[in-house]
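Visitor: Please find one structure pasted underneath; my questions will follow.
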Amino acid sequence: MLKGDKQTRTIQDWLTLVFEVDDLHFPSDDGIQFQAHEMIQSIFKFDWNQYDLTLMKHGVYEYSRAIAILQGTIIIGWTEKDYNNSFMMQISGRGLRNLDDVYPGGSIAFARCLNDYRGSWHCSRWDLARDFFNYGSRFSPAHIIKERKKGNLVSRATAFHHTESFDVSRPNSLRGRDRELLIGQTSYIGKSPFQYRCYNKLAERFTKTGIDFQYKNWYRHELQMNNNKAKYYFAEWLNTGRSLSDVWKLIMKANYRFVVNHDTDIDTHRNARRLATARWWSDMTNIDDDWKKAPALERMQTPAKTQKYYEQVVSKHAGMRLNRLLAGYLKNGVAVDDAKKLAQVQFLQELQRSIDDNEKWVVEHNDLYDWSDQND
């Protein structure tokens, strides 16, 4: 039974913060690592020593040393040199979800602690994502691509491309929800330091986890902001106290607009800015968040299906998943040895979470696992 209610939510999906070491308030002869620990504990009331640490012997980016916590989802990097008295805290999307679980008030409360800090810091990357559940194809990446090709996008962005991925032999034959689940599609508008992307989250989750979330469709509209863009918009969010959804809407309206269909003469003479905003775009950028509960999972396993799945899929996809995790860490500046270690830690965490997640389902469907006839 698919959940048909329309829902929306806005989340932070990446956060990188850079701090200048405050020698005045945090003097120390023990090096920047100790000072970074003291500063983070003072600013956020967050003690990284309470969690399992992974030492990254090759550091990350330009920082020669680093540690990772919460299964590699939060990385703190620093350099023990006089000319670089700064440290970085990089929190991935999974790291922010982990903070939602372990930090009082979640990742939003964690970030808002910076309002009370008077030292020198800045945000170097901030990803802000908005999810739309069951809103139909007009909010899809395919619709974004089609409208842009028709010349209906008004924006300063000059870089555009899109991708499509699938693991089926006849993708064009798929229709309806099967297509939503099995065809991954992403639309990109702009490039660093400011990029807007829209993709099929339902297909992305199914490809990565094998879990069918019970929504008719699930589209994510995400802003990736780096350097000065991240510094400005993240500070604006903190200073104004607005909700994440309000900030997402303001940024979208300030930088992008899709207009109604028009003829080529108007497009040629660059008068598209005078045209009315398209109804679907106005609706999307004005809808308020309405998030009731996490998605339910579609469970259709039987012992026979499970055995076949392990024989045909798991052995291959376990290696593929490890390689995907490894590539993600390498892409974000982690050295090969450290990336392998973090990828293994994350893979084992995903495996454990999958076991925990399925345990309740197995108990509730114990009849499927009744081997009494074979054990007699």
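Just remember, in the structure tokens the first chain shown is A, the second B, etc., residues are 1-based per chain, and ligands are 1-based in the order shown.
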Set the distance at 10 Å and use only C-alpha atoms: which residues neighbour Ser137 of chain A once local chain neighbours fewer than 4 positions away are removed? I'd like the list as number ranges by chain.

Guide: A: 141-144, 180, 217-219

Visitor: Using DSSP on the backbone, list every residue of segment 152-263 of chain A that comes out as strand (DSSP E or B), and give them as a PyMOL selection string.

Guide: chain A and resi 153-155+160-166+183-191+194-200+212-213+215+218-226+256-259

Visitor: Counting only C-alpha atoms, figure out which residue out of A:Ile108, A:Ala278, A:Val336, A:Leu114 gets nearest to Arg242 of chain A.

Guide: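 Using only C-alpha atoms, Arg242 of chain A sits closest to A:Ile108.
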
Visitor: For Gly4 of chain A, find every residue with an atom within 9 Å (counting only C-alpha atoms), except residues of its own chain fewer than 3 positions away, and show them as an mmCIF file with all heavy atoms, in the first residue's frame.

Guide:
data_model
loop_
_atom_site.group_PDB
_atom_site.id
_atom_site.type_symbol
_atom_site.label_atom_id
_atom_site.label_comp_id
_atom_site.auth_asym_id
_atom_site.auth_seq_id
_atom_site.Cartn_x
_atom_site.Cartn_y
_atom_site.Cartn_z
ATOM 1 N N MET A 1 0.863 -1.197 0.000
ATOM 2 C CA MET A 1 0.000 0.000 0.000
ATOM 3 C C MET A 1 0.892 1.238 0.000
ATOM 4 O O MET A 1 1.653 1.470 0.933
ATOM 5 C CB MET A 1 -0.896 -0.018 1.245
ATOM 6 C CG MET A 1 -1.930 1.090 1.282
ATOM 7 S SD MET A 1 -3.200 0.832 0.023
ATOM 8 C CE MET A 1 -4.249 2.239 0.346
ATOM 9 N N PHE A 133 7.471 14.647 -1.664
ATOM 10 C CA PHE A 133 6.921 13.300 -1.745
ATOM 11 C C PHE A 133 5.515 13.364 -2.337
ATOM 12 O O PHE A 133 4.658 14.106 -1.859
ATOM 13 C CB PHE A 133 6.845 12.662 -0.354
ATOM 14 C CG PHE A 133 8.157 12.610 0.376
ATOM 15 C CD1 PHE A 133 8.557 13.669 1.184
ATOM 16 C CD2 PHE A 133 8.991 11.515 0.272
ATOM 17 C CE1 PHE A 133 9.756 13.633 1.876
ATOM 18 C CE2 PHE A 133 10.197 11.468 0.955
ATOM 19 C CZ PHE A 133 10.584 12.534 1.757
ATOM 20 N N ASN A 134 5.289 12.564 -3.388
ATOM 21 C CA ASN A 134 3.952 12.393 -3.985
ATOM 22 C C ASN A 134 3.391 13.670 -4.600
ATOM 23 O O ASN A 134 2.177 13.879 -4.607
ATOM 24 C CB ASN A 134 2.962 11.849 -2.942
ATOM 25 C CG ASN A 134 3.391 10.507 -2.384
ATOM 26 O OD1 ASN A 134 3.988 9.697 -3.095
ATOM 27 N ND2 ASN A 134 3.110 10.265 -1.123
ATOM 28 N N GLN A 214 7.843 3.524 0.316
ATOM 29 C CA GLN A 214 6.470 3.451 -0.188
ATOM 30 C C GLN A 214 5.898 4.820 -0.528
ATOM 31 O O GLN A 214 4.913 5.266 0.058
ATOM 32 C CB GLN A 214 5.583 2.751 0.835
ATOM 33 C CG GLN A 214 5.955 1.291 1.036
ATOM 34 C CD GLN A 214 4.964 0.583 1.919
ATOM 35 O OE1 GLN A 214 3.832 0.359 1.533
ATOM 36 N NE2 GLN A 214 5.392 0.256 3.114
ATOM 37 N N TYR A 215 6.529 5.455 -1.485
ATOM 38 C CA TYR A 215 5.995 6.698 -2.032
ATOM 39 C C TYR A 215 5.806 6.534 -3.525
ATOM 40 O O TYR A 215 6.537 5.795 -4.182
ATOM 41 C CB TYR A 215 6.941 7.862 -1.751
ATOM 42 C CG TYR A 215 6.971 8.299 -0.314
ATOM 43 C CD1 TYR A 215 8.084 8.071 0.478
ATOM 44 C CD2 TYR A 215 5.865 8.925 0.261
ATOM 45 C CE1 TYR A 215 8.104 8.461 1.804
ATOM 46 C CE2 TYR A 215 5.876 9.316 1.587
ATOM 47 C CZ TYR A 215 6.998 9.085 2.358
ATOM 48 O OH TYR A 215 6.998 9.463 3.655
ATOM 49 N N LYS A 216 4.831 7.232 -4.070
ATOM 50 C CA LYS A 216 4.628 7.193 -5.514
ATOM 51 C C LYS A 216 5.817 7.816 -6.229
ATOM 52 O O LYS A 216 6.271 7.337 -7.263
ATOM 53 C CB LYS A 216 3.340 7.929 -5.877
ATOM 54 C CG LYS A 216 2.076 7.274 -5.342
ATOM 55 C CD LYS A 216 0.849 8.108 -5.674
ATOM 56 C CE LYS A 216 -0.414 7.483 -5.111
ATOM 57 N NZ LYS A 216 -1.611 8.339 -5.366
#

Visitor: Which is closer to Arg118 of chain A than all the others in A:Gly105, A:Leu70, A:Ala157, A:Phe19, using only C-alpha atoms?

Guide: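 Comparing A:Gly105, A:Leu70, A:Ala157, A:Phe19 against Arg118 of chain A, the winner is A:Phe19.
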
Visitor: List the spatial neighbours of Ala327 of chain A as a ChimeraX atom specification - criterion: any atom at most 12 Å away, only C-alpha atoms, same-chain residues fewer than 5 positions off excluded.

Guide: /A:320-322,332-336,338-340,342-343

Visitor: Write the residues you've just listed into a file as an mmCIF file, in the first residue's frame, and include N, CA, C and O atoms for each of them.

Guide:
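Result written to part_29.cif:
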data_model
loop_
_atom_site.group_PDB
_atom_site.id
_atom_site.type_symbol
_atom_site.label_atom_id
_atom_site.label_comp_id
_atom_site.auth_asym_id
_atom_site.auth_seq_id
_atom_site.Cartn_x
_atom_site.Cartn_y
_atom_site.Cartn_z
ATOM 1 N N MET A 320 30.694 -3.624 -4.881
ATOM 2 C CA MET A 320 30.355 -2.375 -5.554
ATOM 3 C C MET A 320 30.082 -1.270 -4.553
ATOM 4 O O MET A 320 30.498 -0.118 -4.749
ATOM 5 N N ARG A 321 29.385 -1.617 -3.456
ATOM 6 C CA ARG A 321 29.080 -0.615 -2.435
ATOM 7 C C ARG A 321 30.360 -0.125 -1.767
ATOM 8 O O ARG A 321 30.527 1.077 -1.537
ATOM 9 N N LEU A 322 31.274 -1.035 -1.472
ATOM 10 C CA LEU A 322 32.546 -0.629 -0.878
ATOM 11 C C LEU A 322 33.307 0.300 -1.821
ATOM 12 O O LEU A 322 33.891 1.301 -1.388
ATOM 13 N N ASN A 332 36.442 13.451 -1.782
ATOM 14 C CA ASN A 332 36.436 14.509 -0.780
ATOM 15 C C ASN A 332 37.793 14.709 -0.113
ATOM 16 O O ASN A 332 37.877 15.230 1.002
ATOM 17 N N GLY A 333 38.860 14.273 -0.784
ATOM 18 C CA GLY A 333 40.201 14.628 -0.346
ATOM 19 C C GLY A 333 40.862 13.678 0.616
ATOM 20 O O GLY A 333 41.930 13.991 1.153
ATOM 21 N N VAL A 334 40.270 12.514 0.876
ATOM 22 C CA VAL A 334 40.846 11.567 1.821
ATOM 23 C C VAL A 334 41.866 10.685 1.098
ATOM 24 O O VAL A 334 41.636 10.246 -0.042
ATOM 25 N N ALA A 335 43.000 10.422 1.763
ATOM 26 C CA ALA A 335 44.034 9.576 1.168
ATOM 27 C C ALA A 335 43.531 8.141 1.025
ATOM 28 O O ALA A 335 42.594 7.713 1.705
ATOM 29 N N VAL A 336 44.188 7.360 0.142
ATOM 30 C CA VAL A 336 43.702 6.024 -0.206
ATOM 31 C C VAL A 336 43.581 5.124 1.010
ATOM 32 O O VAL A 336 42.542 4.490 1.238
ATOM 33 N N ASP A 338 43.365 5.837 4.204
ATOM 34 C CA ASP A 338 42.319 6.301 5.113
ATOM 35 C C ASP A 338 40.938 6.082 4.501
ATOM 36 O O ASP A 338 39.983 5.727 5.205
ATOM 37 N N ALA A 339 40.829 6.283 3.204
ATOM 38 C CA ALA A 339 39.546 6.094 2.534
ATOM 39 C C ALA A 339 39.086 4.637 2.628
ATOM 40 O O ALA A 339 37.901 4.366 2.859
ATOM 41 N N LYS A 340 40.026 3.699 2.456
ATOM 42 C CA LYS A 340 39.672 2.281 2.583
ATOM 43 C C LYS A 340 39.166 1.965 3.987
ATOM 44 O O LYS A 340 38.168 1.249 4.168
ATOM 45 N N LEU A 342 37.853 4.076 6.252
ATOM 46 C CA LEU A 342 36.565 4.720 6.506
ATOM 47 C C LEU A 342 35.439 4.042 5.737
ATOM 48 O O LEU A 342 34.318 3.910 6.240
ATOM 49 N N ALA A 343 35.726 3.605 4.507
ATOM 50 C CA ALA A 343 34.711 2.919 3.714
ATOM 51 C C ALA A 343 34.287 1.617 4.385
ATOM 52 O O ALA A 343 33.097 1.277 4.427
#

Visitor: Would you please work out which residue, of A:Leu202, A:Val345, A:Ala129, A:Ile43, is nearest to Thr73 of chain A when using only C-alpha atoms?

Guide: A:Val345

Visitor: Where does DSSP see alpha helix (DSSP H) in segment 11-201 of chain A, if you list the residues as number ranges by chain?

Guide: A: 32-44, 93-102, 106-112, 141-149, 176-182, 201

Visitor: Rank A:Met56, A:Ile183, A:Ile32, A:Ile189 by their smallest atom-to-atom distance to His161 of chain A, using only C-alpha atoms, and report the top residue only.

Guide: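 Closest to His161 of chain A of all the choices is A:Ile189.
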
Visitor: Calculated over only C-alpha atoms, which of the candidates A:Tyr196, A:Tyr103, A:Phe46, A:Trp126 has the smallest distance to Asp13 of chain A?

Guide: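 The closest residue to Asp13 of chain A is A:Trp126.
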
Visitor: For Asn85 of chain A, which residue out of A:Ala203, A:Ile211, A:Val18, A:Ala230 is the nearest one, using only C-alpha atoms?

Guide: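 Among A:Ala203, A:Ile211, A:Val18, A:Ala230, it is A:Val18 that comes nearest to Asn85 of chain A.
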